[in-house]
Amino acid sequence: MGRKFYTLMSIAAAISLLAACGNARPGEKETAKETVKIERHHASSDVIAAHEGLNQKPVPLKMERIGPHDVKIEMTAQVTDIEIDKGKAYKAWTFNGQAPGPLIVVNEGDTLHFTLKNMDPAMPHSMDFHAVHASPSKDFVDVMPNKSGTFTYPANNPGVFMYHCGTKPVLAHIANGMHGMIIVKPKNGYPTDKEVDREFVLIQNEWYKYNDMDDFQNGVPSYVVFSTKALKAGDRNTNGDTFTLKEKPLVAKAGDKVRIYIENVGPNEVSSFHVVGTVLDDVYIDGNPNNHLKGLQTVMLPASGGAVVEFTVTRPGSYSIVSHQFNQAQKGAVAILKVTETGEDDGAETNGH
Ligand SMILES: [Cu+2]
């Protein structure tokens with residue numbers, strides 16, 4: 001059983017790392033206190049020993065352009081509680097304390113100088129960027145607990161790509177939260193760039209019973225959820241949960257052409273991405289300008305698939321963004337795009353699916 005394997009593995013690692021874990025950071029106590037009321041989305045027996053009581057404060061992503069075609073990126077593997085449904089905490093395995101992890105945006109032709117720091121006391125983690133050409137057995141390898149690894153590879157294909165931890169069993173690492181989106185901006189842009197008024201990011205992921213390999217493999221997700229990530233300063237970063245993007249919708253102005261960078265990180269389900277009340281005028285499958293489709297009602301995203309979708313919102317109102325596999329929408333995969341005359345949130349109640 002995978003869980004037993006982790007438990008055994010974690011005991012040894014935990015002993016040497018107890019000291020490091022004991023270093024409470026400023027602010028960590030408050031976080032712990034706040035989450036006391038939250039019902040755990042797992043039986044405590046499912047939490048591997050070294051993760052028991054662990055809720056690591058999110059370490060910010062570090063990203064720096066170090067040359068015209070070179071970007072330095074530092075990410076941290078860590079264990080952090082995420083609220084996935086109202087009052088339900090999930091002790092997620094994460095990149096930088098977010099699930100999905102932070103959005104990465106680079107330019108076509110950039111070389112990524114990527115460092116993964118592993119703060120998880122119990123197990124190795126790794127990084128598999130779908131956007132790069134690499135030697136998986138050398139460049140996507142495991143980084144051991146409390147170690148870091150640096151890897152270099154080019155991102156020569158434009159698009160919207162998934163990244164995820166590739167440590168065995170990969171299913172457990174993705175299902176427990178280690179996934180995210182990387183955008184490689186096309187050198188010559190998209191042919192519709194000038195028409196676009198607003199842009200957002202949406203990621204779809206699934207949550208299962210906590211760290212339960214049997215449910216990951218043979219079950220159905222408990223929740224299918226959306227999150228948004230910041231494309232620019234002032235945009236929001238949310239975790240994959242059932243409620244945030246309904247309670248606090250994305251906002252656009254009547255008449256806007258809206259672009260959304262979308263990605264389905266799975267791990268298991270296909271997504272049928274649909275926006276109620278409009279037609280997807282321009283779609284770039286996997287975000288590549290060469291894969292330009294017109295006039296779609298729904299975009300199918302395989303597990304790991306992405307797209308850029310563009311549509312016009314002609315009239316004010318609440319536009320539901322859903323996976324049109326409505327069992328997924330029912331489990332959480334709904335976001336609201338609120339369209340107002342001013343383009344500001346007018347505070348009026350939204351009415352979504
Ligand atoms: Cu991992």
# chains A, B, ... in the order shown; residues from 1 in each chain; ligands from 1
$ closest_atom_pairs --of "chain A" --to "ligand 1" --cutoff "10 Å" --atoms "only C-alpha atoms and all ligand atoms" --output "JSON lines"
{"residue": "A:Ala77", "atom": "CA", "partner": "ligand 1", "partner_atom_place_in_ligand_line": "1 (Cu)", "distance": 7.2}
{"residue": "A:Gln78", "atom": "CA", "partner": "ligand 1", "partner_atom_place_in_ligand_line": "1 (Cu)", "distance": 9.0}
{"residue": "A:Trp93", "atom": "CA", "partner": "ligand 1", "partner_atom_place_in_ligand_line": "1 (Cu)", "distance": 6.8}
{"residue": "A:Thr94", "atom": "CA", "partner": "ligand 1", "partner_atom_place_in_ligand_line": "1 (Cu)", "distance": 7.7}
{"residue": "A:Phe95", "atom": "CA", "partner": "ligand 1", "partner_atom_place_in_ligand_line": "1 (Cu)", "distance": 8.6}
{"residue": "A:Asn118", "atom": "CA", "partner": "ligand 1", "partner_atom_place_in_ligand_line": "1 (Cu)", "distance": 9.1}
{"residue": "A:Asp120", "atom": "CA", "partner": "ligand 1", "partner_atom_place_in_ligand_line": "1 (Cu)", "distance": 9.0}
{"residue": "A:Met123", "atom": "CA", "partner": "ligand 1", "partner_atom_place_in_ligand_line": "1 (Cu)", "distance": 7.7}
{"residue": "A:Pro124", "atom": "CA", "partner": "ligand 1", "partner_atom_place_in_ligand_line": "1 (Cu)", "distance": 6.4}
{"residue": "A:His125", "atom": "CA", "partner": "ligand 1", "partner_atom_place_in_ligand_line": "1 (Cu)", "distance": 3.7}
{"residue": "A:Ser126", "atom": "CA", "partner": "ligand 1", "partner_atom_place_in_ligand_line": "1 (Cu)", "distance": 5.7}
{"residue": "A:Met127", "atom": "CA", "partner": "ligand 1", "partner_atom_place_in_ligand_line": "1 (Cu)", "distance": 7.9}
{"residue": "A:Asp142", "atom": "CA", "partner": "ligand 1", "partner_atom_place_in_ligand_line": "1 (Cu)", "distance": 8.4}
{"residue": "A:Val143", "atom": "CA", "partner": "ligand 1", "partner_atom_place_in_ligand_line": "1 (Cu)", "distance": 9.1}
{"residue": "A:His164", "atom": "CA", "partner": "ligand 1", "partner_atom_place_in_ligand_line": "1 (Cu)", "distance": 7.9}
{"residue": "A:Cys165", "atom": "CA", "partner": "ligand 1", "partner_atom_place_in_ligand_line": "1 (Cu)", "distance": 4.5}
{"residue": "A:Gly166", "atom": "CA", "partner": "ligand 1", "partner_atom_place_in_ligand_line": "1 (Cu)", "distance": 6.5}
{"residue": "A:Thr167", "atom": "CA", "partner": "ligand 1", "partner_atom_place_in_ligand_line": "1 (Cu)", "distance": 5.3}
{"residue": "A:Lys168", "atom": "CA", "partner": "ligand 1", "partner_atom_place_in_ligand_line": "1 (Cu)", "distance": 7.9}
{"residue": "A:Pro169", "atom": "CA", "partner": "ligand 1", "partner_atom_place_in_ligand_line": "1 (Cu)", "distance": 8.7}
{"residue": "A:Val170", "atom": "CA", "partner": "ligand 1", "partner_atom_place_in_ligand_line": "1 (Cu)", "distance": 7.4}
{"residue": "A:Leu171", "atom": "CA", "partner": "ligand 1", "partner_atom_place_in_ligand_line": "1 (Cu)", "distance": 9.5}
{"residue": "A:Ala172", "atom": "CA", "partner": "ligand 1", "partner_atom_place_in_ligand_line": "1 (Cu)", "distance": 7.9}
{"residue": "A:His173", "atom": "CA", "partner": "ligand 1", "partner_atom_place_in_ligand_line": "1 (Cu)", "distance": 4.5}
{"residue": "A:Ile174", "atom": "CA", "partner": "ligand 1", "partner_atom_place_in_ligand_line": "1 (Cu)", "distance": 7.3}
{"residue": "A:Ala175", "atom": "CA", "partner": "ligand 1", "partner_atom_place_in_ligand_line": "1 (Cu)", "distance": 9.8}
{"residue": "A:Asn176", "atom": "CA", "partner": "ligand 1", "partner_atom_place_in_ligand_line": "1 (Cu)", "distance": 8.5}
{"residue": "A:Gly177", "atom": "CA", "partner": "ligand 1", "partner_atom_place_in_ligand_line": "1 (Cu)", "distance": 8.5}
{"residue": "A:Met178", "atom": "CA", "partner": "ligand 1", "partner_atom_place_in_ligand_line": "1 (Cu)", "distance": 6.1}
{"residue": "A:His179", "atom": "CA", "partner": "ligand 1", "partner_atom_place_in_ligand_line": "1 (Cu)", "distance": 9.1}
$ residues_around --residues "Glu39 (chain A)" --least-positions-apart "3" --cutoff "10 Å" --atoms "only C-alpha atoms" --output "PyMOL selection string"
chain A and resi 35-36+42+83+85-90
$ write_last_selection --atoms "N, CA and C atoms" --output "compact mmCIF listing (two decimals), in the first residue's frame"
# COMPACT_ATOMS: atom_id res chain seq x y z
N THR A 35 -7.37 27.77 11.82
CA THR A 35 -7.85 26.57 11.15
C THR A 35 -8.40 25.54 12.14
N VAL A 36 -8.35 25.84 13.43
CA VAL A 36 -8.83 24.88 14.42
C VAL A 36 -10.28 24.52 14.17
N HIS A 42 -9.89 14.68 6.21
CA HIS A 42 -9.16 13.41 6.24
C HIS A 42 -9.19 12.87 7.64
N GLU A 83 -8.23 25.18 2.34
CA GLU A 83 -9.67 25.02 2.54
C GLU A 83 -10.30 24.73 1.18
N ASP A 85 -13.42 23.16 0.58
CA ASP A 85 -14.86 23.38 0.58
C ASP A 85 -15.12 24.14 1.88
N LYS A 86 -16.24 24.81 1.98
CA LYS A 86 -16.51 25.61 3.17
C LYS A 86 -16.28 24.79 4.44
N GLY A 87 -15.27 25.19 5.23
CA GLY A 87 -15.02 24.51 6.49
C GLY A 87 -14.28 23.19 6.38
N LYS A 88 -13.81 22.84 5.19
CA LYS A 88 -13.10 21.56 5.03
C LYS A 88 -11.64 21.80 4.64
N ALA A 89 -10.75 21.40 5.55
CA ALA A 89 -9.32 21.59 5.30
C ALA A 89 -8.71 20.32 4.72
N TYR A 90 -7.77 20.50 3.81
CA TYR A 90 -7.05 19.39 3.20
C TYR A 90 -5.57 19.67 3.40
$ closest_residue --among "A:Phe200, A:Phe273, A:Tyr208, A:Tyr284" --to "Lys232 (chain A)" --atoms "only C-alpha atoms"
A:Phe200
$ atom_distance --atom1 "CA of Gly332 (chain A)" --atom2 "CA of Val47 (chain A)"
24.4 Å
$ atom_distance --atom1 "CA of Ala131 (chain A)" --atom2 "CA of Asn146 (chain A)"
26.4 Å
$ decode --residues "region 182-302 of chain A" --atoms "C-alpha atoms" --output "PDB file, in the first residue's frame"
ATOM      1  CA  ILE A 182       2.910  27.799 -16.827  1.00  0.00           C
ATOM      2  CA  ILE A 183       2.208  30.223 -19.656  1.00  0.00           C
ATOM      3  CA  VAL A 184       4.820  30.604 -22.380  1.00  0.00           C
ATOM      4  CA  LYS A 185       3.920  33.859 -24.131  1.00  0.00           C
ATOM      5  CA  PRO A 186       4.142  33.581 -27.922  1.00  0.00           C
ATOM      6  CA  LYS A 187       6.955  35.606 -29.504  1.00  0.00           C
ATOM      7  CA  ASN A 188       4.562  37.211 -31.976  1.00  0.00           C
ATOM      8  CA  GLY A 189       1.543  37.255 -29.681  1.00  0.00           C
ATOM      9  CA  TYR A 190      -1.932  36.039 -30.623  1.00  0.00           C
ATOM     10  CA  PRO A 191      -3.652  37.419 -33.747  1.00  0.00           C
ATOM     11  CA  THR A 192      -6.495  38.670 -31.506  1.00  0.00           C
ATOM     12  CA  ASP A 193      -4.294  40.444 -28.905  1.00  0.00           C
ATOM     13  CA  LYS A 194      -5.541  43.908 -29.832  1.00  0.00           C
ATOM     14  CA  GLU A 195      -9.204  42.932 -29.409  1.00  0.00           C
ATOM     15  CA  VAL A 196      -8.858  41.686 -25.832  1.00  0.00           C
ATOM     16  CA  ASP A 197      -9.992  43.966 -22.982  1.00  0.00           C
ATOM     17  CA  ARG A 198      -9.496  41.739 -19.932  1.00  0.00           C
ATOM     18  CA  GLU A 199      -7.733  38.535 -19.173  1.00  0.00           C
ATOM     19  CA  PHE A 200      -7.935  35.956 -16.425  1.00  0.00           C
ATOM     20  CA  VAL A 201      -6.547  32.570 -15.485  1.00  0.00           C
ATOM     21  CA  LEU A 202      -8.671  29.570 -14.518  1.00  0.00           C
ATOM     22  CA  ILE A 203      -7.417  26.164 -13.469  1.00  0.00           C
ATOM     23  CA  GLN A 204      -9.541  23.062 -12.903  1.00  0.00           C
ATOM     24  CA  ASN A 205      -8.491  20.368 -10.453  1.00  0.00           C
ATOM     25  CA  GLU A 206     -10.032  17.497  -8.493  1.00  0.00           C
ATOM     26  CA  TRP A 207      -9.947  16.624  -4.839  1.00  0.00           C
ATOM     27  CA  TYR A 208     -10.406  13.077  -3.537  1.00  0.00           C
ATOM     28  CA  LYS A 209     -10.467  11.442  -0.110  1.00  0.00           C
ATOM     29  CA  TYR A 210      -7.327  12.504   1.699  1.00  0.00           C
ATOM     30  CA  ASN A 211      -4.172  10.755   0.499  1.00  0.00           C
ATOM     31  CA  ASP A 212      -6.200   7.675  -0.402  1.00  0.00           C
ATOM     32  CA  MET A 213      -4.541   5.798  -3.248  1.00  0.00           C
ATOM     33  CA  ASP A 214      -7.556   3.562  -3.670  1.00  0.00           C
ATOM     34  CA  ASP A 215      -9.870   6.557  -4.107  1.00  0.00           C
ATOM     35  CA  PHE A 216      -7.329   8.283  -6.370  1.00  0.00           C
ATOM     36  CA  GLN A 217      -7.208   5.207  -8.614  1.00  0.00           C
ATOM     37  CA  ASN A 218     -10.681   3.766  -8.476  1.00  0.00           C
ATOM     38  CA  GLY A 219     -12.935   6.376  -6.959  1.00  0.00           C
ATOM     39  CA  VAL A 220     -14.604   9.515  -8.196  1.00  0.00           C
ATOM     40  CA  PRO A 221     -13.564  12.994  -7.069  1.00  0.00           C
ATOM     41  CA  SER A 222     -15.308  14.440  -4.014  1.00  0.00           C
ATOM     42  CA  TYR A 223     -14.855  17.919  -5.481  1.00  0.00           C
ATOM     43  CA  VAL A 224     -14.033  19.327  -8.911  1.00  0.00           C
ATOM     44  CA  VAL A 225     -12.979  22.940  -8.524  1.00  0.00           C
ATOM     45  CA  PHE A 226     -11.697  26.084 -10.186  1.00  0.00           C
ATOM     46  CA  SER A 227      -9.074  28.569  -9.058  1.00  0.00           C
ATOM     47  CA  THR A 228      -7.686  31.773 -10.493  1.00  0.00           C
ATOM     48  CA  LYS A 229      -4.116  33.048 -10.430  1.00  0.00           C
ATOM     49  CA  ALA A 230      -2.703  36.552 -10.755  1.00  0.00           C
ATOM     50  CA  LEU A 231      -1.588  37.609 -14.238  1.00  0.00           C
ATOM     51  CA  LYS A 232      -0.721  41.089 -13.002  1.00  0.00           C
ATOM     52  CA  ALA A 233      -0.413  43.012  -9.747  1.00  0.00           C
ATOM     53  CA  GLY A 234      -3.791  43.357  -8.072  1.00  0.00           C
ATOM     54  CA  ASP A 235      -5.186  40.103  -9.521  1.00  0.00           C
ATOM     55  CA  ARG A 236      -6.117  37.386  -7.089  1.00  0.00           C
ATOM     56  CA  ASN A 237      -4.457  34.059  -6.298  1.00  0.00           C
ATOM     57  CA  THR A 238      -6.976  31.524  -5.053  1.00  0.00           C
ATOM     58  CA  ASN A 239      -6.720  27.854  -4.205  1.00  0.00           C
ATOM     59  CA  GLY A 240      -8.841  25.196  -5.873  1.00  0.00           C
ATOM     60  CA  ASP A 241     -12.044  25.324  -3.840  1.00  0.00           C
ATOM     61  CA  THR A 242     -15.794  25.096  -4.284  1.00  0.00           C
ATOM     62  CA  PHE A 243     -16.787  28.589  -3.208  1.00  0.00           C
ATOM     63  CA  THR A 244     -14.331  31.481  -3.697  1.00  0.00           C
ATOM     64  CA  LEU A 245     -15.063  32.244  -7.345  1.00  0.00           C
ATOM     65  CA  LYS A 246     -18.795  32.137  -6.697  1.00  0.00           C
ATOM     66  CA  GLU A 247     -18.715  34.392  -3.650  1.00  0.00           C
ATOM     67  CA  LYS A 248     -16.195  36.802  -5.141  1.00  0.00           C
ATOM     68  CA  PRO A 249     -16.634  36.649  -8.904  1.00  0.00           C
ATOM     69  CA  LEU A 250     -14.330  37.700 -11.694  1.00  0.00           C
ATOM     70  CA  VAL A 251     -15.520  41.028 -13.093  1.00  0.00           C
ATOM     71  CA  ALA A 252     -15.759  42.456 -16.629  1.00  0.00           C
ATOM     72  CA  LYS A 253     -17.503  45.313 -18.385  1.00  0.00           C
ATOM     73  CA  ALA A 254     -20.417  44.920 -20.785  1.00  0.00           C
ATOM     74  CA  GLY A 255     -18.952  44.836 -24.290  1.00  0.00           C
ATOM     75  CA  ASP A 256     -15.548  43.509 -23.194  1.00  0.00           C
ATOM     76  CA  LYS A 257     -13.761  40.808 -25.086  1.00  0.00           C
ATOM     77  CA  VAL A 258     -12.502  38.541 -22.326  1.00  0.00           C
ATOM     78  CA  ARG A 259      -9.568  36.144 -22.612  1.00  0.00           C
ATOM     79  CA  ILE A 260      -9.117  33.269 -20.198  1.00  0.00           C
ATOM     80  CA  TYR A 261      -6.031  31.101 -19.980  1.00  0.00           C
ATOM     81  CA  ILE A 262      -7.418  27.730 -18.897  1.00  0.00           C
ATOM     82  CA  GLU A 263      -5.788  24.511 -17.794  1.00  0.00           C
ATOM     83  CA  ASN A 264      -7.139  21.219 -16.515  1.00  0.00           C
ATOM     84  CA  VAL A 265      -4.586  19.726 -14.121  1.00  0.00           C
ATOM     85  CA  GLY A 266      -6.747  16.707 -13.318  1.00  0.00           C
ATOM     86  CA  PRO A 267      -5.327  14.375 -12.247  1.00  0.00           C
ATOM     87  CA  ASN A 268      -7.936  12.064 -13.775  1.00  0.00           C
ATOM     88  CA  GLU A 269     -10.889  13.852 -15.322  1.00  0.00           C
ATOM     89  CA  VAL A 270     -11.475  15.468 -18.694  1.00  0.00           C
ATOM     90  CA  SER A 271     -12.999  18.956 -18.560  1.00  0.00           C
ATOM     91  CA  SER A 272     -15.683  20.411 -20.844  1.00  0.00           C
ATOM     92  CA  PHE A 273     -15.050  24.121 -20.485  1.00  0.00           C
ATOM     93  CA  HIS A 274     -18.052  26.314 -21.233  1.00  0.00           C
ATOM     94  CA  VAL A 275     -19.162  29.890 -20.563  1.00  0.00           C
ATOM     95  CA  VAL A 276     -22.928  30.371 -20.206  1.00  0.00           C
ATOM     96  CA  GLY A 277     -24.366  33.234 -22.261  1.00  0.00           C
ATOM     97  CA  THR A 278     -21.697  33.635 -24.913  1.00  0.00           C
ATOM     98  CA  VAL A 279     -19.796  31.819 -27.657  1.00  0.00           C
ATOM     99  CA  LEU A 280     -16.052  31.203 -27.599  1.00  0.00           C
ATOM    100  CA  ASP A 281     -15.182  33.329 -30.641  1.00  0.00           C
ATOM    101  CA  ASP A 282     -11.480  32.475 -30.626  1.00  0.00           C
ATOM    102  CA  VAL A 283      -9.845  29.437 -29.064  1.00  0.00           C
ATOM    103  CA  TYR A 284      -6.184  28.490 -29.163  1.00  0.00           C
ATOM    104  CA  ILE A 285      -5.820  24.865 -28.166  1.00  0.00           C
ATOM    105  CA  ASP A 286      -2.975  24.452 -25.660  1.00  0.00           C
ATOM    106  CA  GLY A 287      -2.502  28.196 -26.064  1.00  0.00           C
ATOM    107  CA  ASN A 288      -0.545  27.866 -29.297  1.00  0.00           C
ATOM    108  CA  PRO A 289      -1.424  30.637 -31.807  1.00  0.00           C
ATOM    109  CA  ASN A 290      -1.247  28.049 -34.618  1.00  0.00           C
ATOM    110  CA  ASN A 291      -4.110  26.060 -33.085  1.00  0.00           C
ATOM    111  CA  HIS A 292      -6.701  28.753 -33.752  1.00  0.00           C
ATOM    112  CA  LEU A 293     -10.352  27.650 -33.740  1.00  0.00           C
ATOM    113  CA  LYS A 294     -13.421  29.845 -34.158  1.00  0.00           C
ATOM    114  CA  GLY A 295     -16.897  29.839 -32.696  1.00  0.00           C
ATOM    115  CA  LEU A 296     -16.799  26.975 -30.206  1.00  0.00           C
ATOM    116  CA  GLN A 297     -19.463  26.355 -27.549  1.00  0.00           C
ATOM    117  CA  THR A 298     -17.326  24.093 -25.352  1.00  0.00           C
ATOM    118  CA  VAL A 299     -13.627  23.265 -25.260  1.00  0.00           C
ATOM    119  CA  MET A 300     -12.590  19.798 -24.246  1.00  0.00           C
ATOM    120  CA  LEU A 301      -9.493  19.762 -22.084  1.00  0.00           C
ATOM    121  CA  PRO A 302      -7.818  16.406 -21.519  1.00  0.00           C
TER     122      PRO A 302
END
